[in-house]
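These notes are about the structure you will find just below.
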Amino acid sequence: MSSMLDNLSLGFGVAFSGTNLLVALIGSFFGTIVGVLPGLGPTNGVAMLVPIAFAMGLPADTALILLAAVYVGAEYGGRITSILINVPGEAAAVMTTLDGYPLARQGLGSVALSLSAWSSFVGSLIAIVGIAAFAPFLAQWALAFGPAEYFVLMVFAFCALTSLLGEQPVKGVLAAAIGLSIATIGVDANSGVYRYTFGIPHLTDGLDFVVVVIGLFAVAEMLQMLENKLSGQSVEVPPSQRKLFNLRELRLTSGSTARGSLLGFVLGVLPGAGASVASAVAYANEKRYIEDKDPDAKFGQGDMRGLAAPEAANNSAATGSFIPMLTLGVPGSGTTAVMMGALTLYNITPGPVLFEQQPALVWGLIASLLIANVMLLVMNIPMVRVFAAMLSIPGWLLVPGILAVSFIGVYAISATTFDLMAVVAIGVVGYLLRKLHVPMAPMVLGVVLGTMMEQNLRRALSITNGDVSILWASTVCMVLWVLAAAVVLGPMGYRWLVKRHRAQEAAA
Amino acid sequence: MVLNDRVLGVAALLLSAFLAWFGHGLEAPFAYEPVGPRAFPLLLAAVIALCGLRLVVKGGNPAAPNPMGANMRIAWMVVLVVVYAGLFQAVGFVVATAVTAACVGRLFGGSWMQCGIGGASLSLLFYFLFDRVLDVVLPLGWLEGLL
C-alpha cells in the first residue's frame, strides 16, 4: 500500500510539471473535438498526433500523456452529438443516443450533458484506481514469462480481438495476418536477410508503423467521408434551462454509474472488448437489471440511468485498456496498439519490465489520466457550446485540414516522398477492406506486434532446437491456449444456439 | 464489378501466392537457429490462403453500393492525394497544400472562392504553426528564401 502511494507521488511529480500539465490540457481539448466530429474517433485522433508528437521532440512521457489525454477526451466528446443531435461522435457513443437524445428532446439536454460528463468522470476514476491497484501485480506475474508464454499470449490477444469484433471472425484473422505480414518487410534482425524489400532502399527498415496507421485511419477515413456529401451542421444548445443535474438525479443514477464503471473496467482489461463493446453490454445489462426492479423505468425514452451506465462504461473501458499494454506489452485495442507503436518510436518496449525500468513514465501516465479527467469534467460543463460549434466547420475546410495534418506527420518522421505515396496506397487498400467489413484493429495490432511475435516464436524454438512442444509445455501456456479456445468458441457457440432457438421458434 | 466476399477471398489468395513466391527462397547464409527467416512469412501466407479459401467458397456479403457520384469523387480524391504526395517535397508544403486543399475542398462542396481562400489560409496557418511554433520541419520548396 505504501509503495502504491510512493509510486503515485512519483507520478504526480511527473504529471504536475508545467509542460505535462499544458500537454494534458491541450490533449483533452483536442480529443474532445475529435470525439465530437462524427467520423473521427479516438484512434484517428491518436494516429494523427503520434508522428507530430515525436517530430516535435516531446519526451516519451509527455508524448504518452498527450496521446492518453486525446484518447480520454474523445470518449468524453463522443457523447455531445449523441445527446444533442442523435448522431454518435464515435463508435462507443452509440448507446448514449438511446436515452440521451430523448432527454434532449424533453428539454433536458444540458442536464443530460452534465450528468453524462459526471458518469464518464466516475468511470474513468474507478478505472484509474483499478490500474494503480492491479497493474503492478500483473506486471510482476508477467515477469516470469518466457518467449513461449509471450508467443501464446499474443495468439490469445489476436483470438480475443478477432472473435469479439464483428460478425465474421475469418475477416479478423485475415486482417491480423496481413498486419503481421506487413511487419515482416525489411531486414530480418537475426539473419540479415532482406525480406520483401525488392531492392527498394526505403523498405530496408520495413514499412514505418506511422505510414500504415495514417493510411488506414486518415486517408481511408477521408475516402469514406466522400461517400456522402459532408455538410456542416449547426447545433443549437438550448440556452435557458437548468445546466446541472440535481441531487435527486445524482442519487437515481449512482448505482447505474457504479455498475457501468465496474463492468467497463473488466471488459476494458480483456483484450479485444474495448469501449464500444463495454458501453453496449453495460446498457443492455442495466436495462434488464432496472426494468426487473422498477416498473417505472422508461429505457429508450429518456431514462437517465440508461445514459449514465454506458457513458461510465465506455470511459472506464478506455482507461482499463491501458493495463494489457502497460503490463504485458500486448495492447488490447486498436487505439492502445497505436499508442504502443508510438512508444516503439522512442525505443521503449512496453511490457512487465516497464514498471521497473520506467516508473516515472508509467506512474506519470496514470497520474496524468487522473488530471486529464478532472480537466475534462471542468471543461465539459461550461464549454459544451464551444465543442458543439465545431460541428459547423464545413467539410471543405475540415477534410483538407485532416489531410494536411496527416501528411505533415508522415513527412516529419521520414522526410521522403516514398512514404507519402505508401500512405496513399495503404489508404486506398484500407478503404476497400473497410467496404468489405474487414476490421482495422487486428491489422494495426499485427503491424505493432509482428516483430515481437516472430522473435518470441523463434527464440522459443531455439531453446528446444525446433521442438514445437515448448509452446504448450508450461502451465501458463496451457491456460492461455484454453482461454484462446474459449474466446473463439464461446461466441461461435452462442451464435449457434441463437440460430437454433430462432429456427425452433420459426418451426413452432 | 461488385465487391463481395468472393472478391476479397481471391485477393487474399493472390496475396498469399505473392508472399509464398517471394518468401520461399528466403534463407540465411549461416543458420544459427532452428527457425530461419522463412518460416514466419510462409506460416502467414498459409493463414491468409486458408482465410481466402473460406471466403471464396462461402461468398456473399456484397459491399453496400456507393451513392450516385461517390465513386467519381473518391477517384478524384485518390488522384489529388497522389498529386499532393508528389508535390509535397518538390514544390514545398505551402504551395502544395494551398492547391490540394482548395481542390479537395471542391470535392466536399465548397465554392471556388471559399476553397481558394480556405486552402491558402490553411496552408499558411499550418506552416507557421508546425514549422515555426512546434518545430516540425516542413519543406519550403518554391518559397525558399521568401518565408
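Here's how to read the names in the C-alpha cells: chain A, B, ... by the order shown, residue numbers from 1 in each chain, ligand numbers from 1 in the order shown.
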| Could you pull out all residues of chain B with a DSSP call of helix (DSSP H, G or I) and give them as an NGL selection string? | :B and (5-23 or 39-58 or 70-90 or 93-107 or 112-133 or 141-143)
Find the nearest atom pair between each residue of chain B and chain A for residues within 7 Å, count only C-alpha atoms, give distances in Å to one decimal, sort rows by chain and ascending number, and present the table as CSV.
```
residue,atom,partner,partner_atom,distance
B:Asn4,CA,A:Leu436,CA,6.7
B:Phe22,CA,A:Tyr196,CA,6.9
B:Ala28,CA,A:Ser191,CA,5.6
B:Glu33,CA,A:Ser462,CA,5.8
B:Pro34,CA,A:Gly466,CA,5.3
B:Val35,CA,A:Arg458,CA,5.8
B:Pro37,CA,A:Asp188,CA,6.5
B:Phe40,CA,A:Glu454,CA,6.5
B:Pro41,CA,A:Ser181,CA,6.5
B:Leu44,CA,A:Ala177,CA,5.8
B:Val47,CA,A:Ala177,CA,6.9
B:Ile48,CA,A:Leu174,CA,5.8
B:Cys51,CA,A:Leu174,CA,6.0
B:Ala63,CA,A:Leu436,CA,5.5
B:Asn66,CA,A:Glu227,CA,6.2
B:Pro67,CA,A:Glu227,CA,6.7
B:Ala70,CA,A:Glu227,CA,5.0
B:Arg73,CA,A:Leu226,CA,6.6
B:Ile74,CA,A:Leu223,CA,5.9
B:Val81,CA,A:Val424,CA,6.8
B:Val82,CA,A:Met421,CA,6.6
B:Ala85,CA,A:Leu420,CA,5.3
B:Gly86,CA,A:Thr417,CA,6.5
B:Gln89,CA,A:Thr417,CA,6.7
B:Thr97,CA,A:Ala404,CA,6.8
B:Ala101,CA,A:Pro400,CA,4.8
B:Val104,CA,A:Pro400,CA,6.2
B:Gly105,CA,A:Trp396,CA,3.8
B:Arg106,CA,A:Trp396,CA,6.6
B:Phe108,CA,A:Trp396,CA,4.9
B:Gly109,CA,A:Trp396,CA,6.4
B:Gly110,CA,A:Trp396,CA,5.4
B:Cys115,CA,A:Trp396,CA,6.8
B:Gly118,CA,A:Leu397,CA,6.5
B:Leu134,CA,A:Met56,CA,5.9
B:Asp135,CA,A:Met56,CA,5.5
B:Val136,CA,A:Met56,CA,5.4
B:Val137,CA,A:Ala412,CA,6.7
```
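In this model, the gap between atom CA of A:Ile348 and atom CA of A:Thr62 comes to 13.6 Å.
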| said: So the first atom is atom CA of A:Gly39 and the second is atom CA of A:Val87; what is the distance between them in Å, to one decimal place? | reply: 10.2 Å
| query | Do you know which residues are at most 10 Å from A:Leu326 counting only C-alpha atoms, after dropping those on the same chain fewer than 2 positions away, and could you put them as number ranges by chain? | reply | A: 131, 135-136, 138-139, 321-324, 328-331, 336, 340, 349-355, 362
| Which of these, B:Leu26, B:Ala11, B:Leu43, B:Leu138, has the shortest distance to B:Phe93 once you count only C-alpha atoms? | B:Leu138
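Going from atom CA of B:Met68 over to atom CA of B:Val99, you cover 26.4 Å.
Distances to B:Val78 were evaluated for A:Arg305, A:Ala220, A:Ser114, A:Gly274 using only C-alpha atoms, and the minimum falls at A:Ala220.
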| message | I'd like the contact shell of B:Ala46 - 7 Å cut-off, only C-alpha atoms, skipping same-chain residues fewer than 4 positions apart - returned as a ChimeraX atom specification. | response | /B:16,42,50
The selected residues should be written to file as a short mmCIF file (atom, residue, chain, number, x, y, z; two decimals), in the first residue's frame (atoms: C-alpha atoms).
```cif
data_model
loop_
_atom_site.label_atom_id
_atom_site.label_comp_id
_atom_site.auth_asym_id
_atom_site.auth_seq_id
_atom_site.Cartn_x
_atom_site.Cartn_y
_atom_site.Cartn_z
CA SER B 16 -0.81 -15.41 -50.21
CA LEU B 42 5.25 -18.77 -45.02
CA LEU B 50 -6.97 -20.52 -45.65
#
```
